[in-house]
Amino acid sequence: MNDELPDSLSGFIDETTGRREKTLLLINRTEPQPLVNLLDRAFENQSIQIQERNIPEGDTDLVCLIEDGRVTAVSSFADLSETFLLVNADRYRTSTGRSSTGSFPDVLTGLDDIEFTVRGFPESNKEKLLLVVISRFIEDRALACGNGEFHSTFQRLSRLDDEYGTRKMYEWLGDSDVETHVYGVRDDPGIVDDLAVIDHAGETHEYRRSWVVLFTPESETGDASDGDIAAADACNPVALVAIETGPNVWRSMCTYDRDRVERIKAYVNDRF
């Protein structure tokens, strides 16, 4: 394990620079071409290739995530559409918990350890949504596991109260056995008074320009029995790190690497 911390949060993103490309492979697509066009535009500036293949007698409308020549995740095209292609960020801000399909697409949450530079609206309708989806996925994982530590930066603490879904999620986290930490400029001193979370306030550049969401469980259950696969998945560490490099432009990455997640947590504890 490399215990050394970088000089800034961007150093964690630098560690993923130059990683191999990943591919989203559409199998036996019957969904309309405009949805493929949306997917192309969402990842046109990333190290993600979009490809299609027809396989005789294979299932239709599957999306496979390919890395180093092997399939690492599979989702239905319908799930990808309903949780990403056909929604906007307001869906995740106003709703709570999991997506309407009951899960987050594995082909999106599996885009780990590669760098993304994403733009928000109006430059792009989809790019920044990926970070919103992953953030909600990490919040949901912490809540499902029910123990451990959760850390989230908000730039401004008042953003905790911007949307019903966000507020409700952090009420649930605060009321759970997950030790929940939130960070931001204290622009509304009373905003966290009725939330059972640990708030941290600051004025530094990273307080104002960082987007970090991370979860570490008390103990990982990756070796759970087959009947406890859901619990095993929930109780594993994960982190998202993003830095605003321009107006609504974010350089980012997410990781499940245990050592890297612990180092990100150590950085947040030390610098925030």
# chains A, B, ... in the order shown; residues from 1 in each chain; ligands from 1
$ residues_around --residues "Val107 of chain A" --least-positions-apart "6" --cutoff "9 Å" --atoms "only C-alpha atoms" --output "ChimeraX atom specification"
/A:24,63-65,72-75,80
$ write_last_selection --atoms "C-alpha atoms" --output "PDB file, in the first residue's frame"
ATOM      1  CA  LEU A  24     -19.477  -0.219 -23.943  1.00  0.00           C
ATOM      2  CA  VAL A  63     -24.817  -3.522 -22.881  1.00  0.00           C
ATOM      3  CA  CYS A  64     -21.485  -5.105 -21.942  1.00  0.00           C
ATOM      4  CA  LEU A  65     -18.606  -3.259 -20.328  1.00  0.00           C
ATOM      5  CA  THR A  72     -16.601  -6.956 -16.523  1.00  0.00           C
ATOM      6  CA  ALA A  73     -20.275  -5.914 -16.288  1.00  0.00           C
ATOM      7  CA  VAL A  74     -23.572  -6.379 -18.121  1.00  0.00           C
ATOM      8  CA  SER A  75     -26.724  -4.252 -18.023  1.00  0.00           C
ATOM      9  CA  LEU A  80     -29.243   2.226 -18.985  1.00  0.00           C
TER      10      LEU A  80
END
$ select_by_dssp --residues "segment 11-231 of chain A" --states "strand (DSSP E)" --output "PyMOL selection string"
chain A and resi 22-27+48-53+62-67+70-76+116-119+149-156+179-185+198-201+210-216
$ residues_around --residues "Asp59 of chain A" --least-positions-apart "4" --cutoff "10 Å" --atoms "only C-alpha atoms" --output "list of chain:residue names"
A:Ile27, A:Asn28, A:Arg29, A:Asn54, A:Ile55, A:Ser76
$ closest_residue --among "A:Val132, A:Ile50, A:Ala42, A:Val182" --to "Ser252 of chain A" --atoms "only C-alpha atoms"
A:Val132
$ residues_around --residues "Lys126 of chain A" --least-positions-apart "4" --cutoff "8 Å" --atoms "only C-alpha atoms" --output "PyMOL selection string"
chain A and resi 41-42+84-85+88+120+130
$ closest_residue --among "A:Ser8, A:Thr166, A:Thr255, A:Asn147" --to "Ala234 of chain A" --atoms "only C-alpha atoms"
A:Asn147
$ decode --residues "segment 206-220 of chain A" --atoms "all heavy atoms" --output "PDB file, in the first residue's frame"
ATOM      1  N   GLU A 206     -10.191  23.920  -2.097  1.00  0.00           N
ATOM      2  CA  GLU A 206     -10.735  22.575  -2.250  1.00  0.00           C
ATOM      3  C   GLU A 206     -12.112  22.442  -1.623  1.00  0.00           C
ATOM      4  O   GLU A 206     -12.949  21.671  -2.111  1.00  0.00           O
ATOM      5  CB  GLU A 206      -9.764  21.541  -1.678  1.00  0.00           C
ATOM      6  CG  GLU A 206      -8.553  21.331  -2.566  1.00  0.00           C
ATOM      7  CD  GLU A 206      -7.745  20.101  -2.196  1.00  0.00           C
ATOM      8  OE1 GLU A 206      -7.643  19.804  -0.988  1.00  0.00           O
ATOM      9  OE2 GLU A 206      -7.198  19.456  -3.112  1.00  0.00           O
ATOM     10  N   TYR A 207     -12.375  23.171  -0.563  1.00  0.00           N
ATOM     11  CA  TYR A 207     -13.742  23.198  -0.030  1.00  0.00           C
ATOM     12  C   TYR A 207     -14.716  23.723  -1.090  1.00  0.00           C
ATOM     13  O   TYR A 207     -15.839  23.226  -1.225  1.00  0.00           O
ATOM     14  CB  TYR A 207     -13.809  24.090   1.212  1.00  0.00           C
ATOM     15  CG  TYR A 207     -13.816  23.341   2.528  1.00  0.00           C
ATOM     16  CD1 TYR A 207     -12.628  23.083   3.209  1.00  0.00           C
ATOM     17  CD2 TYR A 207     -14.994  22.886   3.096  1.00  0.00           C
ATOM     18  CE1 TYR A 207     -12.622  22.400   4.417  1.00  0.00           C
ATOM     19  CE2 TYR A 207     -15.008  22.208   4.298  1.00  0.00           C
ATOM     20  CZ  TYR A 207     -13.818  21.961   4.953  1.00  0.00           C
ATOM     21  OH  TYR A 207     -13.816  21.278   6.144  1.00  0.00           O
ATOM     22  N   ARG A 208     -14.300  24.710  -1.843  1.00  0.00           N
ATOM     23  CA  ARG A 208     -15.191  25.373  -2.799  1.00  0.00           C
ATOM     24  C   ARG A 208     -15.259  24.658  -4.150  1.00  0.00           C
ATOM     25  O   ARG A 208     -16.193  24.898  -4.918  1.00  0.00           O
ATOM     26  CB  ARG A 208     -14.739  26.825  -3.019  1.00  0.00           C
ATOM     27  CG  ARG A 208     -14.853  27.698  -1.772  1.00  0.00           C
ATOM     28  CD  ARG A 208     -14.302  29.096  -2.023  1.00  0.00           C
ATOM     29  NE  ARG A 208     -14.469  29.968  -0.871  1.00  0.00           N
ATOM     30  CZ  ARG A 208     -15.574  30.665  -0.613  1.00  0.00           C
ATOM     31  NH1 ARG A 208     -16.591  30.602  -1.447  1.00  0.00           N
ATOM     32  NH2 ARG A 208     -15.650  31.423   0.459  1.00  0.00           N
ATOM     33  N   ARG A 209     -14.265  23.816  -4.455  1.00  0.00           N
ATOM     34  CA  ARG A 209     -14.176  23.275  -5.814  1.00  0.00           C
ATOM     35  C   ARG A 209     -14.111  21.747  -5.855  1.00  0.00           C
ATOM     36  O   ARG A 209     -13.910  21.183  -6.921  1.00  0.00           O
ATOM     37  CB  ARG A 209     -12.934  23.837  -6.513  1.00  0.00           C
ATOM     38  CG  ARG A 209     -13.015  25.333  -6.783  1.00  0.00           C
ATOM     39  CD  ARG A 209     -14.054  25.661  -7.851  1.00  0.00           C
ATOM     40  NE  ARG A 209     -14.146  27.087  -8.131  1.00  0.00           N
ATOM     41  CZ  ARG A 209     -15.011  27.907  -7.572  1.00  0.00           C
ATOM     42  NH1 ARG A 209     -15.871  27.436  -6.654  1.00  0.00           N
ATOM     43  NH2 ARG A 209     -15.046  29.186  -7.882  1.00  0.00           N
ATOM     44  N   SER A 210     -14.284  21.064  -4.713  1.00  0.00           N
ATOM     45  CA  SER A 210     -14.178  19.605  -4.728  1.00  0.00           C
ATOM     46  C   SER A 210     -15.553  18.940  -4.663  1.00  0.00           C
ATOM     47  O   SER A 210     -16.517  19.491  -4.141  1.00  0.00           O
ATOM     48  CB  SER A 210     -13.318  19.126  -3.556  1.00  0.00           C
ATOM     49  OG  SER A 210     -13.974  19.344  -2.322  1.00  0.00           O
ATOM     50  N   TRP A 211     -15.603  17.742  -5.208  1.00  0.00           N
ATOM     51  CA  TRP A 211     -16.798  16.898  -5.177  1.00  0.00           C
ATOM     52  C   TRP A 211     -16.297  15.500  -4.812  1.00  0.00           C
ATOM     53  O   TRP A 211     -15.860  14.742  -5.665  1.00  0.00           O
ATOM     54  CB  TRP A 211     -17.466  16.922  -6.539  1.00  0.00           C
ATOM     55  CG  TRP A 211     -18.729  16.121  -6.688  1.00  0.00           C
ATOM     56  CD1 TRP A 211     -19.239  15.161  -5.861  1.00  0.00           C
ATOM     57  CD2 TRP A 211     -19.648  16.235  -7.782  1.00  0.00           C
ATOM     58  NE1 TRP A 211     -20.415  14.662  -6.350  1.00  0.00           N
ATOM     59  CE2 TRP A 211     -20.702  15.311  -7.538  1.00  0.00           C
ATOM     60  CE3 TRP A 211     -19.694  17.020  -8.929  1.00  0.00           C
ATOM     61  CZ2 TRP A 211     -21.759  15.145  -8.417  1.00  0.00           C
ATOM     62  CZ3 TRP A 211     -20.756  16.854  -9.807  1.00  0.00           C
ATOM     63  CH2 TRP A 211     -21.783  15.932  -9.548  1.00  0.00           C
ATOM     64  N   VAL A 212     -16.324  15.196  -3.523  1.00  0.00           N
ATOM     65  CA  VAL A 212     -15.844  13.911  -3.027  1.00  0.00           C
ATOM     66  C   VAL A 212     -16.993  13.194  -2.334  1.00  0.00           C
ATOM     67  O   VAL A 212     -17.685  13.778  -1.492  1.00  0.00           O
ATOM     68  CB  VAL A 212     -14.673  14.083  -2.033  1.00  0.00           C
ATOM     69  CG1 VAL A 212     -14.209  12.728  -1.501  1.00  0.00           C
ATOM     70  CG2 VAL A 212     -13.508  14.831  -2.685  1.00  0.00           C
ATOM     71  N   VAL A 213     -17.200  11.958  -2.701  1.00  0.00           N
ATOM     72  CA  VAL A 213     -18.177  11.106  -2.019  1.00  0.00           C
ATOM     73  C   VAL A 213     -17.487   9.765  -1.799  1.00  0.00           C
ATOM     74  O   VAL A 213     -17.037   9.141  -2.768  1.00  0.00           O
ATOM     75  CB  VAL A 213     -19.461  10.908  -2.848  1.00  0.00           C
ATOM     76  CG1 VAL A 213     -20.506  10.140  -2.037  1.00  0.00           C
ATOM     77  CG2 VAL A 213     -20.029  12.242  -3.322  1.00  0.00           C
ATOM     78  N   LEU A 214     -17.369   9.344  -0.537  1.00  0.00           N
ATOM     79  CA  LEU A 214     -16.673   8.081  -0.286  1.00  0.00           C
ATOM     80  C   LEU A 214     -17.303   7.330   0.868  1.00  0.00           C
ATOM     81  O   LEU A 214     -17.868   7.917   1.783  1.00  0.00           O
ATOM     82  CB  LEU A 214     -15.182   8.308  -0.047  1.00  0.00           C
ATOM     83  CG  LEU A 214     -14.681   8.919   1.257  1.00  0.00           C
ATOM     84  CD1 LEU A 214     -14.445   7.855   2.331  1.00  0.00           C
ATOM     85  CD2 LEU A 214     -13.405   9.706   1.031  1.00  0.00           C
ATOM     86  N   PHE A 215     -17.154   6.025   0.793  1.00  0.00           N
ATOM     87  CA  PHE A 215     -17.695   5.145   1.832  1.00  0.00           C
ATOM     88  C   PHE A 215     -16.694   4.053   2.143  1.00  0.00           C
ATOM     89  O   PHE A 215     -16.134   3.425   1.239  1.00  0.00           O
ATOM     90  CB  PHE A 215     -19.008   4.508   1.382  1.00  0.00           C
ATOM     91  CG  PHE A 215     -19.490   3.397   2.278  1.00  0.00           C
ATOM     92  CD1 PHE A 215     -19.865   3.655   3.583  1.00  0.00           C
ATOM     93  CD2 PHE A 215     -19.536   2.084   1.813  1.00  0.00           C
ATOM     94  CE1 PHE A 215     -20.283   2.628   4.422  1.00  0.00           C
ATOM     95  CE2 PHE A 215     -19.953   1.057   2.635  1.00  0.00           C
ATOM     96  CZ  PHE A 215     -20.336   1.333   3.947  1.00  0.00           C
ATOM     97  N   THR A 216     -16.450   3.831   3.440  1.00  0.00           N
ATOM     98  CA  THR A 216     -15.654   2.683   3.890  1.00  0.00           C
ATOM     99  C   THR A 216     -16.452   1.953   4.959  1.00  0.00           C
ATOM    100  O   THR A 216     -16.898   2.552   5.934  1.00  0.00           O
ATOM    101  CB  THR A 216     -14.292   3.122   4.473  1.00  0.00           C
ATOM    102  OG1 THR A 216     -14.498   4.062   5.534  1.00  0.00           O
ATOM    103  CG2 THR A 216     -13.422   3.754   3.401  1.00  0.00           C
ATOM    104  N   PRO A 217     -16.678   0.654   4.802  1.00  0.00           N
ATOM    105  CA  PRO A 217     -17.437  -0.108   5.799  1.00  0.00           C
ATOM    106  C   PRO A 217     -16.573  -0.428   7.010  1.00  0.00           C
ATOM    107  O   PRO A 217     -15.340  -0.339   6.968  1.00  0.00           O
ATOM    108  CB  PRO A 217     -17.809  -1.388   5.047  1.00  0.00           C
ATOM    109  CG  PRO A 217     -16.661  -1.572   4.095  1.00  0.00           C
ATOM    110  CD  PRO A 217     -16.239  -0.183   3.671  1.00  0.00           C
ATOM    111  N   GLU A 218     -17.219  -0.809   8.103  1.00  0.00           N
ATOM    112  CA  GLU A 218     -16.480  -1.261   9.277  1.00  0.00           C
ATOM    113  C   GLU A 218     -15.677  -2.507   8.957  1.00  0.00           C
ATOM    114  O   GLU A 218     -14.523  -2.639   9.345  1.00  0.00           O
ATOM    115  CB  GLU A 218     -17.451  -1.548  10.436  1.00  0.00           C
ATOM    116  CG  GLU A 218     -18.017  -0.314  11.092  1.00  0.00           C
ATOM    117  CD  GLU A 218     -18.927  -0.662  12.254  1.00  0.00           C
ATOM    118  OE1 GLU A 218     -19.085  -1.872  12.543  1.00  0.00           O
ATOM    119  OE2 GLU A 218     -19.499   0.257  12.864  1.00  0.00           O
ATOM    120  N   SER A 219     -16.299  -3.426   8.256  1.00  0.00           N
ATOM    121  CA  SER A 219     -15.610  -4.637   7.816  1.00  0.00           C
ATOM    122  C   SER A 219     -16.213  -5.051   6.492  1.00  0.00           C
ATOM    123  O   SER A 219     -17.434  -4.985   6.306  1.00  0.00           O
ATOM    124  CB  SER A 219     -15.770  -5.763   8.832  1.00  0.00           C
ATOM    125  OG  SER A 219     -17.133  -6.077   9.023  1.00  0.00           O
ATOM    126  N   GLU A 220     -15.349  -5.433   5.563  1.00  0.00           N
ATOM    127  CA  GLU A 220     -15.818  -5.814   4.245  1.00  0.00           C
ATOM    128  C   GLU A 220     -16.334  -7.240   4.257  1.00  0.00           C
ATOM    129  O   GLU A 220     -15.838  -8.093   4.978  1.00  0.00           O
ATOM    130  CB  GLU A 220     -14.685  -5.654   3.231  1.00  0.00           C
ATOM    131  CG  GLU A 220     -14.259  -4.192   3.076  1.00  0.00           C
ATOM    132  CD  GLU A 220     -13.004  -4.064   2.252  1.00  0.00           C
ATOM    133  OE1 GLU A 220     -12.888  -4.799   1.257  1.00  0.00           O
ATOM    134  OE2 GLU A 220     -12.147  -3.242   2.605  1.00  0.00           O
TER     135      GLU A 220
END
